Amino acid sequence: MSRDLRNPLARARGLGSAKEGVSHWMVQRVTGLGLVFLTVWFVVTVLGLMHSDYATARATLAKPWNAVLLAALLITTFRHAVLGLQVVIEDYVHTRWLEVASLVLIKFIAVLAALAGVLAVLRVALGS
């Protein structure tokens, strides 16, 4: 009869079978926290532009600091969404090929949407 004499904490430090659980959890929390601040900035900016004309709104978003924050908001939003959807798919899709296909599809769509959003921000910021 074999007894495992290791401390339970030593077994728990393995991060699970995939060896990435803690980092996934941490990135989800960091992106969530980042989204809180970026969303507050975005809402305040949009509320400040409510009665402005198109030229004023474009000039405000073309400022480098605003363009960087808007691009960060887009990238962080899509990264956070992919992490959340990945957890849902891994937990509830039990057919392996459908799970893999779904994960690839959401990552592809998120990257494409984030690139389109950042390109739009760059076009506004650079005036083209």
# chains A, B, ... in the order shown; residues from 1 in each chain; ligands from 1
>>> residues_around(residues="Gly32 of chain A", least_positions_apart="4", cutoff="9 Å", atoms="only C-alpha atoms", output="list in words")
Val27, Gln28, Val36, Thr76, Thr77 and His80 of chain A
>>> residues_around(residues="Lys107 of chain A", least_positions_apart="6", cutoff="12 Å", atoms="only C-alpha atoms", output="VMD selection string")
chain A and resid 78 to 86 100 to 101 113 to 114
>>> write_last_selection(atoms="all heavy atoms", output="mmCIF file, in the first residue's frame")
data_model
loop_
_atom_site.group_PDB
_atom_site.id
_atom_site.type_symbol
_atom_site.label_atom_id
_atom_site.label_comp_id
_atom_site.auth_asym_id
_atom_site.auth_seq_id
_atom_site.Cartn_x
_atom_site.Cartn_y
_atom_site.Cartn_z
ATOM 1 N N PHE A 78 -11.609 42.913 -25.430
ATOM 2 C CA PHE A 78 -11.624 41.672 -26.192
ATOM 3 C C PHE A 78 -10.817 40.572 -25.509
ATOM 4 O O PHE A 78 -11.194 39.401 -25.549
ATOM 5 C CB PHE A 78 -11.162 41.910 -27.631
ATOM 6 C CG PHE A 78 -12.213 42.588 -28.452
ATOM 7 C CD1 PHE A 78 -12.053 43.899 -28.868
ATOM 8 C CD2 PHE A 78 -13.372 41.925 -28.801
ATOM 9 C CE1 PHE A 78 -13.029 44.527 -29.613
ATOM 10 C CE2 PHE A 78 -14.364 42.545 -29.542
ATOM 11 C CZ PHE A 78 -14.190 43.851 -29.953
ATOM 12 N N ARG A 79 -9.729 40.918 -24.848
ATOM 13 C CA ARG A 79 -8.950 39.903 -24.127
ATOM 14 C C ARG A 79 -9.763 39.329 -22.975
ATOM 15 O O ARG A 79 -9.796 38.123 -22.752
ATOM 16 C CB ARG A 79 -7.643 40.529 -23.610
ATOM 17 C CG ARG A 79 -6.791 39.586 -22.812
ATOM 18 C CD ARG A 79 -6.202 38.496 -23.681
ATOM 19 N NE ARG A 79 -5.299 37.664 -22.893
ATOM 20 C CZ ARG A 79 -5.294 36.347 -22.921
ATOM 21 N NH1 ARG A 79 -6.107 35.697 -23.717
ATOM 22 N NH2 ARG A 79 -4.464 35.665 -22.177
ATOM 23 N N HIS A 80 -10.438 40.202 -22.236
ATOM 24 C CA HIS A 80 -11.260 39.772 -21.116
ATOM 25 C C HIS A 80 -12.431 38.908 -21.605
ATOM 26 O O HIS A 80 -12.763 37.893 -20.975
ATOM 27 C CB HIS A 80 -11.772 40.996 -20.353
ATOM 28 C CG HIS A 80 -12.480 40.672 -19.093
ATOM 29 N ND1 HIS A 80 -11.828 40.286 -17.950
ATOM 30 C CD2 HIS A 80 -13.803 40.665 -18.781
ATOM 31 C CE1 HIS A 80 -12.705 40.063 -16.990
ATOM 32 N NE2 HIS A 80 -13.915 40.282 -17.468
ATOM 33 N N ALA A 81 -13.030 39.298 -22.711
ATOM 34 C CA ALA A 81 -14.145 38.523 -23.267
ATOM 35 C C ALA A 81 -13.695 37.122 -23.683
ATOM 36 O O ALA A 81 -14.384 36.133 -23.432
ATOM 37 C CB ALA A 81 -14.751 39.262 -24.457
ATOM 38 N N VAL A 82 -12.539 37.034 -24.326
ATOM 39 C CA VAL A 82 -12.023 35.727 -24.743
ATOM 40 C C VAL A 82 -11.761 34.844 -23.522
ATOM 41 O O VAL A 82 -12.100 33.654 -23.528
ATOM 42 C CB VAL A 82 -10.747 35.878 -25.600
ATOM 43 C CG1 VAL A 82 -10.012 34.560 -25.742
ATOM 44 C CG2 VAL A 82 -11.098 36.433 -26.960
ATOM 45 N N LEU A 83 -11.182 35.403 -22.483
ATOM 46 C CA LEU A 83 -10.909 34.622 -21.276
ATOM 47 C C LEU A 83 -12.208 34.092 -20.658
ATOM 48 O O LEU A 83 -12.286 32.932 -20.251
ATOM 49 C CB LEU A 83 -10.149 35.464 -20.253
ATOM 50 C CG LEU A 83 -8.707 35.801 -20.610
ATOM 51 C CD1 LEU A 83 -8.162 36.840 -19.645
ATOM 52 C CD2 LEU A 83 -7.851 34.559 -20.591
ATOM 53 N N GLY A 84 -13.217 34.932 -20.584
ATOM 54 C CA GLY A 84 -14.498 34.512 -20.022
ATOM 55 C C GLY A 84 -15.184 33.458 -20.869
ATOM 56 O O GLY A 84 -15.693 32.456 -20.359
ATOM 57 N N LEU A 85 -15.209 33.671 -22.180
ATOM 58 C CA LEU A 85 -15.828 32.690 -23.074
ATOM 59 C C LEU A 85 -15.059 31.375 -23.074
ATOM 60 O O LEU A 85 -15.652 30.298 -23.194
ATOM 61 C CB LEU A 85 -15.917 33.255 -24.486
ATOM 62 C CG LEU A 85 -16.963 34.349 -24.685
ATOM 63 C CD1 LEU A 85 -16.801 34.994 -26.049
ATOM 64 C CD2 LEU A 85 -18.356 33.795 -24.504
ATOM 65 N N GLN A 86 -13.754 31.442 -22.933
ATOM 66 C CA GLN A 86 -12.947 30.221 -22.885
ATOM 67 C C GLN A 86 -13.356 29.365 -21.693
ATOM 68 O O GLN A 86 -13.496 28.146 -21.815
ATOM 69 C CB GLN A 86 -11.463 30.578 -22.800
ATOM 70 C CG GLN A 86 -10.553 29.370 -22.720
ATOM 71 C CD GLN A 86 -9.088 29.759 -22.624
ATOM 72 O OE1 GLN A 86 -8.710 30.894 -22.862
ATOM 73 N NE2 GLN A 86 -8.262 28.803 -22.254
ATOM 74 N N VAL A 100 -12.633 22.750 -29.347
ATOM 75 C CA VAL A 100 -11.460 23.337 -30.009
ATOM 76 C C VAL A 100 -11.896 24.319 -31.090
ATOM 77 O O VAL A 100 -11.361 25.427 -31.198
ATOM 78 C CB VAL A 100 -10.550 22.231 -30.577
ATOM 79 C CG1 VAL A 100 -9.455 22.827 -31.446
ATOM 80 C CG2 VAL A 100 -9.958 21.405 -29.456
ATOM 81 N N ALA A 101 -12.874 23.925 -31.894
ATOM 82 C CA ALA A 101 -13.356 24.813 -32.963
ATOM 83 C C ALA A 101 -13.941 26.099 -32.390
ATOM 84 O O ALA A 101 -13.710 27.193 -32.927
ATOM 85 C CB ALA A 101 -14.395 24.088 -33.811
ATOM 86 N N ALA A 113 -11.776 41.716 -34.472
ATOM 87 C CA ALA A 113 -12.523 42.878 -33.983
ATOM 88 C C ALA A 113 -11.601 43.879 -33.278
ATOM 89 O O ALA A 113 -11.743 45.096 -33.460
ATOM 90 C CB ALA A 113 -13.636 42.424 -33.047
ATOM 91 N N ALA A 114 -10.649 43.382 -32.491
ATOM 92 C CA ALA A 114 -9.717 44.286 -31.809
ATOM 93 C C ALA A 114 -8.845 45.026 -32.815
ATOM 94 O O ALA A 114 -8.616 46.233 -32.677
ATOM 95 C CB ALA A 114 -8.847 43.500 -30.827
#
>>> select_by_dssp(residues="chain A", states="alpha helix (DSSP H)", output="MDAnalysis selection string")
chainID A and resid 8:12 21:48 54:62 64:92 96:126
>>> closest_residue(among="A:Leu74, A:Val88, A:Ile106, A:Leu35", to="Val121 of chain A", atoms="only C-alpha atoms")
A:Leu74
>>> decode(residues="segment 41-56 of chain A", atoms="N, CA, C and O atoms", output="PDB file, in the first residue's frame")
ATOM      1  N   TRP A  41     -13.156  56.108 -17.529  1.00  0.00           N
ATOM      2  CA  TRP A  41     -12.582  57.156 -18.383  1.00  0.00           C
ATOM      3  C   TRP A  41     -13.434  57.337 -19.638  1.00  0.00           C
ATOM      4  O   TRP A  41     -13.744  58.470 -20.038  1.00  0.00           O
ATOM      5  N   PHE A  42     -13.830  56.233 -20.276  1.00  0.00           N
ATOM      6  CA  PHE A  42     -14.596  56.295 -21.509  1.00  0.00           C
ATOM      7  C   PHE A  42     -15.960  56.967 -21.286  1.00  0.00           C
ATOM      8  O   PHE A  42     -16.375  57.826 -22.068  1.00  0.00           O
ATOM      9  N   VAL A  43     -16.657  56.584 -20.229  1.00  0.00           N
ATOM     10  CA  VAL A  43     -17.974  57.163 -19.943  1.00  0.00           C
ATOM     11  C   VAL A  43     -17.850  58.660 -19.657  1.00  0.00           C
ATOM     12  O   VAL A  43     -18.641  59.467 -20.169  1.00  0.00           O
ATOM     13  N   VAL A  44     -16.854  59.038 -18.878  1.00  0.00           N
ATOM     14  CA  VAL A  44     -16.646  60.464 -18.585  1.00  0.00           C
ATOM     15  C   VAL A  44     -16.339  61.228 -19.876  1.00  0.00           C
ATOM     16  O   VAL A  44     -16.870  62.332 -20.100  1.00  0.00           O
ATOM     17  N   THR A  45     -15.513  60.661 -20.735  1.00  0.00           N
ATOM     18  CA  THR A  45     -15.171  61.311 -22.004  1.00  0.00           C
ATOM     19  C   THR A  45     -16.399  61.462 -22.899  1.00  0.00           C
ATOM     20  O   THR A  45     -16.640  62.532 -23.467  1.00  0.00           O
ATOM     21  N   VAL A  46     -17.177  60.398 -23.025  1.00  0.00           N
ATOM     22  CA  VAL A  46     -18.370  60.448 -23.874  1.00  0.00           C
ATOM     23  C   VAL A  46     -19.394  61.426 -23.314  1.00  0.00           C
ATOM     24  O   VAL A  46     -20.003  62.191 -24.072  1.00  0.00           O
ATOM     25  N   LEU A  47     -19.575  61.428 -21.997  1.00  0.00           N
ATOM     26  CA  LEU A  47     -20.516  62.387 -21.404  1.00  0.00           C
ATOM     27  C   LEU A  47     -20.042  63.826 -21.621  1.00  0.00           C
ATOM     28  O   LEU A  47     -20.867  64.718 -21.810  1.00  0.00           O
ATOM     29  N   GLY A  48     -18.746  64.034 -21.603  1.00  0.00           N
ATOM     30  CA  GLY A  48     -18.210  65.372 -21.874  1.00  0.00           C
ATOM     31  C   GLY A  48     -18.394  65.806 -23.321  1.00  0.00           C
ATOM     32  O   GLY A  48     -18.378  66.995 -23.628  1.00  0.00           O
ATOM     33  N   LEU A  49     -18.584  64.845 -24.210  1.00  0.00           N
ATOM     34  CA  LEU A  49     -18.764  65.143 -25.636  1.00  0.00           C
ATOM     35  C   LEU A  49     -20.220  65.118 -26.083  1.00  0.00           C
ATOM     36  O   LEU A  49     -20.498  65.258 -27.271  1.00  0.00           O
ATOM     37  N   MET A  50     -21.148  64.961 -25.155  1.00  0.00           N
ATOM     38  CA  MET A  50     -22.549  64.768 -25.529  1.00  0.00           C
ATOM     39  C   MET A  50     -23.117  65.868 -26.415  1.00  0.00           C
ATOM     40  O   MET A  50     -23.837  65.590 -27.361  1.00  0.00           O
ATOM     41  N   HIS A  51     -22.833  67.088 -26.120  1.00  0.00           N
ATOM     42  CA  HIS A  51     -23.407  68.191 -26.895  1.00  0.00           C
ATOM     43  C   HIS A  51     -22.388  68.826 -27.831  1.00  0.00           C
ATOM     44  O   HIS A  51     -22.559  69.968 -28.271  1.00  0.00           O
ATOM     45  N   SER A  52     -21.356  68.074 -28.151  1.00  0.00           N
ATOM     46  CA  SER A  52     -20.313  68.575 -29.044  1.00  0.00           C
ATOM     47  C   SER A  52     -20.620  68.167 -30.476  1.00  0.00           C
ATOM     48  O   SER A  52     -21.356  67.218 -30.726  1.00  0.00           O
ATOM     49  N   ASP A  53     -20.013  68.895 -31.396  1.00  0.00           N
ATOM     50  CA  ASP A  53     -20.168  68.522 -32.800  1.00  0.00           C
ATOM     51  C   ASP A  53     -19.132  67.449 -33.170  1.00  0.00           C
ATOM     52  O   ASP A  53     -18.277  67.070 -32.371  1.00  0.00           O
ATOM     53  N   TYR A  54     -19.227  66.982 -34.392  1.00  0.00           N
ATOM     54  CA  TYR A  54     -18.358  65.904 -34.872  1.00  0.00           C
ATOM     55  C   TYR A  54     -16.888  66.305 -34.816  1.00  0.00           C
ATOM     56  O   TYR A  54     -16.040  65.521 -34.390  1.00  0.00           O
ATOM     57  N   ALA A  55     -16.560  67.512 -35.216  1.00  0.00           N
ATOM     58  CA  ALA A  55     -15.166  67.968 -35.248  1.00  0.00           C
ATOM     59  C   ALA A  55     -14.557  67.993 -33.846  1.00  0.00           C
ATOM     60  O   ALA A  55     -13.401  67.593 -33.653  1.00  0.00           O
ATOM     61  N   THR A  56     -15.330  68.435 -32.868  1.00  0.00           N
ATOM     62  CA  THR A  56     -14.829  68.470 -31.491  1.00  0.00           C
ATOM     63  C   THR A  56     -14.606  67.059 -30.956  1.00  0.00           C
ATOM     64  O   THR A  56     -13.583  66.776 -30.311  1.00  0.00           O
TER      65      THR A  56
END
